[in-house]
Amino acid sequence: MPEVKVKAGEKLNGLGRMLKEIIDTNLQDSKKYKRIEKLKASVVIKESTSGVAVTLHFRQGEIEIQNDAIDKPNAYQESGFENMAYISSGQISPTMALLTRKVKARGNLLVLMKIAPLMVLKG
């Protein structure tokens, strides 16, 4: 089974640990994995209240996560903790969060839409 790898030598922050757990769970679904299998992109996800950020690197089927934001990601997403919790729990869809401005996004929005199903933990 594919899983998110942590960048060598790093201990993930809380946001990183949460996202890794959610994405690892979703990668067990072969349909969700196929959506990102050929994706080559870097995505920064930032929690706006604390300023904590992580970067996800998608490299054709492999995913690596690291603390902090890189300078030039392909896509960038920022929201408060409460909205992140609503999205990850499935209470609001990533698309609806974007349309209602609960999430700020820039860069390649198609990349964000492609990875959106990985960010939602549905029981």
# chains A, B, ... in the order shown; residues from 1 in each chain; ligands from 1
$ residues_around --residues "His57 (chain A)" --least-positions-apart "2" --cutoff "10 Å" --atoms "only C-alpha atoms" --output "PDB file with N, CA and C atoms, in the first residue's frame"
ATOM      1  N   VAL A   4       2.295   8.098   2.738  1.00  0.00           N
ATOM      2  CA  VAL A   4       3.007   9.370   2.733  1.00  0.00           C
ATOM      3  C   VAL A   4       4.319   9.182   3.477  1.00  0.00           C
ATOM      4  N   LYS A   5       5.407   9.578   2.844  1.00  0.00           N
ATOM      5  CA  LYS A   5       6.719   9.498   3.478  1.00  0.00           C
ATOM      6  C   LYS A   5       7.061  10.857   4.074  1.00  0.00           C
ATOM      7  N   LYS A   7       9.751  13.635   5.072  1.00  0.00           N
ATOM      8  CA  LYS A   7      11.071  14.045   4.598  1.00  0.00           C
ATOM      9  C   LYS A   7      12.125  13.603   5.602  1.00  0.00           C
ATOM     10  N   LEU A  39       0.458  12.443 -10.734  1.00  0.00           N
ATOM     11  CA  LEU A  39       0.589  13.856 -10.395  1.00  0.00           C
ATOM     12  C   LEU A  39       2.027  14.211 -10.022  1.00  0.00           C
ATOM     13  N   LYS A  40       2.513  15.312 -10.592  1.00  0.00           N
ATOM     14  CA  LYS A  40       3.822  15.874 -10.235  1.00  0.00           C
ATOM     15  C   LYS A  40       3.579  17.317  -9.822  1.00  0.00           C
ATOM     16  N   ALA A  41       3.587  17.561  -8.502  1.00  0.00           N
ATOM     17  CA  ALA A  41       3.306  18.914  -8.013  1.00  0.00           C
ATOM     18  C   ALA A  41       3.706  19.020  -6.551  1.00  0.00           C
ATOM     19  N   SER A  42       3.872  20.255  -6.107  1.00  0.00           N
ATOM     20  CA  SER A  42       4.088  20.548  -4.693  1.00  0.00           C
ATOM     21  C   SER A  42       2.965  21.453  -4.230  1.00  0.00           C
ATOM     22  N   VAL A  43       2.415  21.139  -3.058  1.00  0.00           N
ATOM     23  CA  VAL A  43       1.279  21.878  -2.522  1.00  0.00           C
ATOM     24  C   VAL A  43       1.594  22.294  -1.088  1.00  0.00           C
ATOM     25  N   VAL A  44       1.417  23.571  -0.798  1.00  0.00           N
ATOM     26  CA  VAL A  44       1.576  24.075   0.568  1.00  0.00           C
ATOM     27  C   VAL A  44       0.188  24.174   1.190  1.00  0.00           C
ATOM     28  N   VAL A  54       2.703  22.990   6.035  1.00  0.00           N
ATOM     29  CA  VAL A  54       3.399  21.803   5.539  1.00  0.00           C
ATOM     30  C   VAL A  54       3.397  21.872   4.020  1.00  0.00           C
ATOM     31  N   THR A  55       4.331  21.157   3.429  1.00  0.00           N
ATOM     32  CA  THR A  55       4.374  21.027   1.975  1.00  0.00           C
ATOM     33  C   THR A  55       4.243  19.563   1.628  1.00  0.00           C
ATOM     34  N   ARG A  59       4.968  12.984  -6.433  1.00  0.00           N
ATOM     35  CA  ARG A  59       5.948  12.603  -7.460  1.00  0.00           C
ATOM     36  C   ARG A  59       5.536  11.282  -8.097  1.00  0.00           C
ATOM     37  N   GLN A  60       4.570  11.361  -8.983  1.00  0.00           N
ATOM     38  CA  GLN A  60       4.092  10.214  -9.746  1.00  0.00           C
ATOM     39  C   GLN A  60       3.903   8.971  -8.879  1.00  0.00           C
ATOM     40  N   GLU A  62       4.301   8.718  -5.562  1.00  0.00           N
ATOM     41  CA  GLU A  62       4.935   8.857  -4.250  1.00  0.00           C
ATOM     42  C   GLU A  62       4.553  10.215  -3.670  1.00  0.00           C
ATOM     43  N   ILE A  63       4.329  10.229  -2.370  1.00  0.00           N
ATOM     44  CA  ILE A  63       3.988  11.476  -1.690  1.00  0.00           C
ATOM     45  C   ILE A  63       4.946  11.654  -0.526  1.00  0.00           C
ATOM     46  N   GLU A  64       5.543  12.843  -0.459  1.00  0.00           N
ATOM     47  CA  GLU A  64       6.428  13.177   0.653  1.00  0.00           C
ATOM     48  C   GLU A  64       5.874  14.431   1.331  1.00  0.00           C
ATOM     49  N   ILE A  65       5.960  14.461   2.652  1.00  0.00           N
ATOM     50  CA  ILE A  65       5.482  15.612   3.410  1.00  0.00           C
ATOM     51  C   ILE A  65       6.640  16.191   4.209  1.00  0.00           C
ATOM     52  N   GLN A  66       6.662  17.496   4.311  1.00  0.00           N
ATOM     53  CA  GLN A  66       7.693  18.168   5.103  1.00  0.00           C
ATOM     54  C   GLN A  66       7.070  19.351   5.835  1.00  0.00           C
ATOM     55  N   PRO A  73       5.499  26.745  -4.566  1.00  0.00           N
ATOM     56  CA  PRO A  73       4.672  25.547  -4.777  1.00  0.00           C
ATOM     57  C   PRO A  73       3.813  25.706  -6.037  1.00  0.00           C
ATOM     58  N   ASN A  74       3.327  24.586  -6.549  1.00  0.00           N
ATOM     59  CA  ASN A  74       2.396  24.644  -7.679  1.00  0.00           C
ATOM     60  C   ASN A  74       1.030  25.151  -7.229  1.00  0.00           C
TER      61      ASN A  74
END
$ select_by_dssp --residues "chain A" --states "strand (DSSP E or B)" --output "mmCIF file with C-alpha atoms, in the first residue's frame"
data_model
loop_
_atom_site.group_PDB
_atom_site.id
_atom_site.type_symbol
_atom_site.label_atom_id
_atom_site.label_comp_id
_atom_site.auth_asym_id
_atom_site.auth_seq_id
_atom_site.Cartn_x
_atom_site.Cartn_y
_atom_site.Cartn_z
ATOM 1 C CA VAL A 4 3.007 9.370 2.733
ATOM 2 C CA LYS A 5 6.719 9.498 3.478
ATOM 3 C CA VAL A 6 8.104 12.067 5.900
ATOM 4 C CA LYS A 40 3.822 15.874 -10.235
ATOM 5 C CA ALA A 41 3.306 18.914 -8.013
ATOM 6 C CA SER A 42 4.088 20.548 -4.693
ATOM 7 C CA VAL A 43 1.279 21.878 -2.522
ATOM 8 C CA VAL A 44 1.576 24.075 0.568
ATOM 9 C CA ILE A 45 -1.163 23.789 3.172
ATOM 10 C CA LYS A 46 -1.147 26.451 5.866
ATOM 11 C CA GLU A 47 -3.214 26.954 9.016
ATOM 12 C CA ALA A 53 2.421 25.010 7.289
ATOM 13 C CA VAL A 54 3.399 21.803 5.539
ATOM 14 C CA THR A 55 4.374 21.027 1.975
ATOM 15 C CA LEU A 56 3.176 17.933 0.157
ATOM 16 C CA HIS A 57 5.304 16.746 -2.777
ATOM 17 C CA PHE A 58 3.504 14.502 -5.268
ATOM 18 C CA ARG A 59 5.948 12.603 -7.460
ATOM 19 C CA GLU A 62 4.935 8.857 -4.250
ATOM 20 C CA ILE A 63 3.988 11.476 -1.690
ATOM 21 C CA GLU A 64 6.428 13.177 0.653
ATOM 22 C CA ILE A 65 5.482 15.612 3.410
ATOM 23 C CA GLN A 66 7.693 18.168 5.103
ATOM 24 C CA ASN A 67 7.245 20.916 7.666
ATOM 25 C CA ALA A 75 -0.609 25.286 -5.425
ATOM 26 C CA TYR A 76 -1.258 26.908 -2.051
ATOM 27 C CA GLN A 77 -4.152 26.496 0.357
ATOM 28 C CA GLU A 78 -4.727 28.404 3.589
ATOM 29 C CA SER A 79 -7.526 28.299 6.152
ATOM 30 C CA LYS A 104 -7.827 30.804 0.399
ATOM 31 C CA ALA A 105 -6.162 29.233 -2.598
ATOM 32 C CA ARG A 106 -3.757 30.276 -5.300
ATOM 33 C CA GLY A 107 -1.638 28.681 -7.949
#
$ select_by_dssp --residues "chain A" --states "alpha helix (DSSP H)" --output "ChimeraX atom specification"
/A:14-26,30-36,81-88,94-99,109-115
$ atom_distance --atom1 "CA of Met84 (chain A)" --atom2 "CA of Ile70 (chain A)"
20.1 Å
$ atom_distance --atom1 "CA of Glu37 (chain A)" --atom2 "CA of Lys20 (chain A)"
16.7 Å
$ closest_residue --among "A:Gly51, A:Gly80, A:Pro94, A:Gly14" --to "Pro117 (chain A)" --atoms "only C-alpha atoms"
A:Pro94
$ closest_residue --among "A:Arg101, A:Asp68, A:Pro2, A:Val111" --to "Ile23 (chain A)" --atoms "only C-alpha atoms"
A:Pro2
$ closest_residue --among "A:Leu110, A:Ile36, A:Ala116, A:Val52" --to "Ser93 (chain A)" --atoms "only C-alpha atoms"
A:Ala116
$ residues_around --residues "Tyr33 (chain A)" --least-positions-apart "6" --cutoff "9 Å" --atoms "only C-alpha atoms" --output "JSON, numbers by chain"
{"A": [2, 26, 27, 61, 118]}
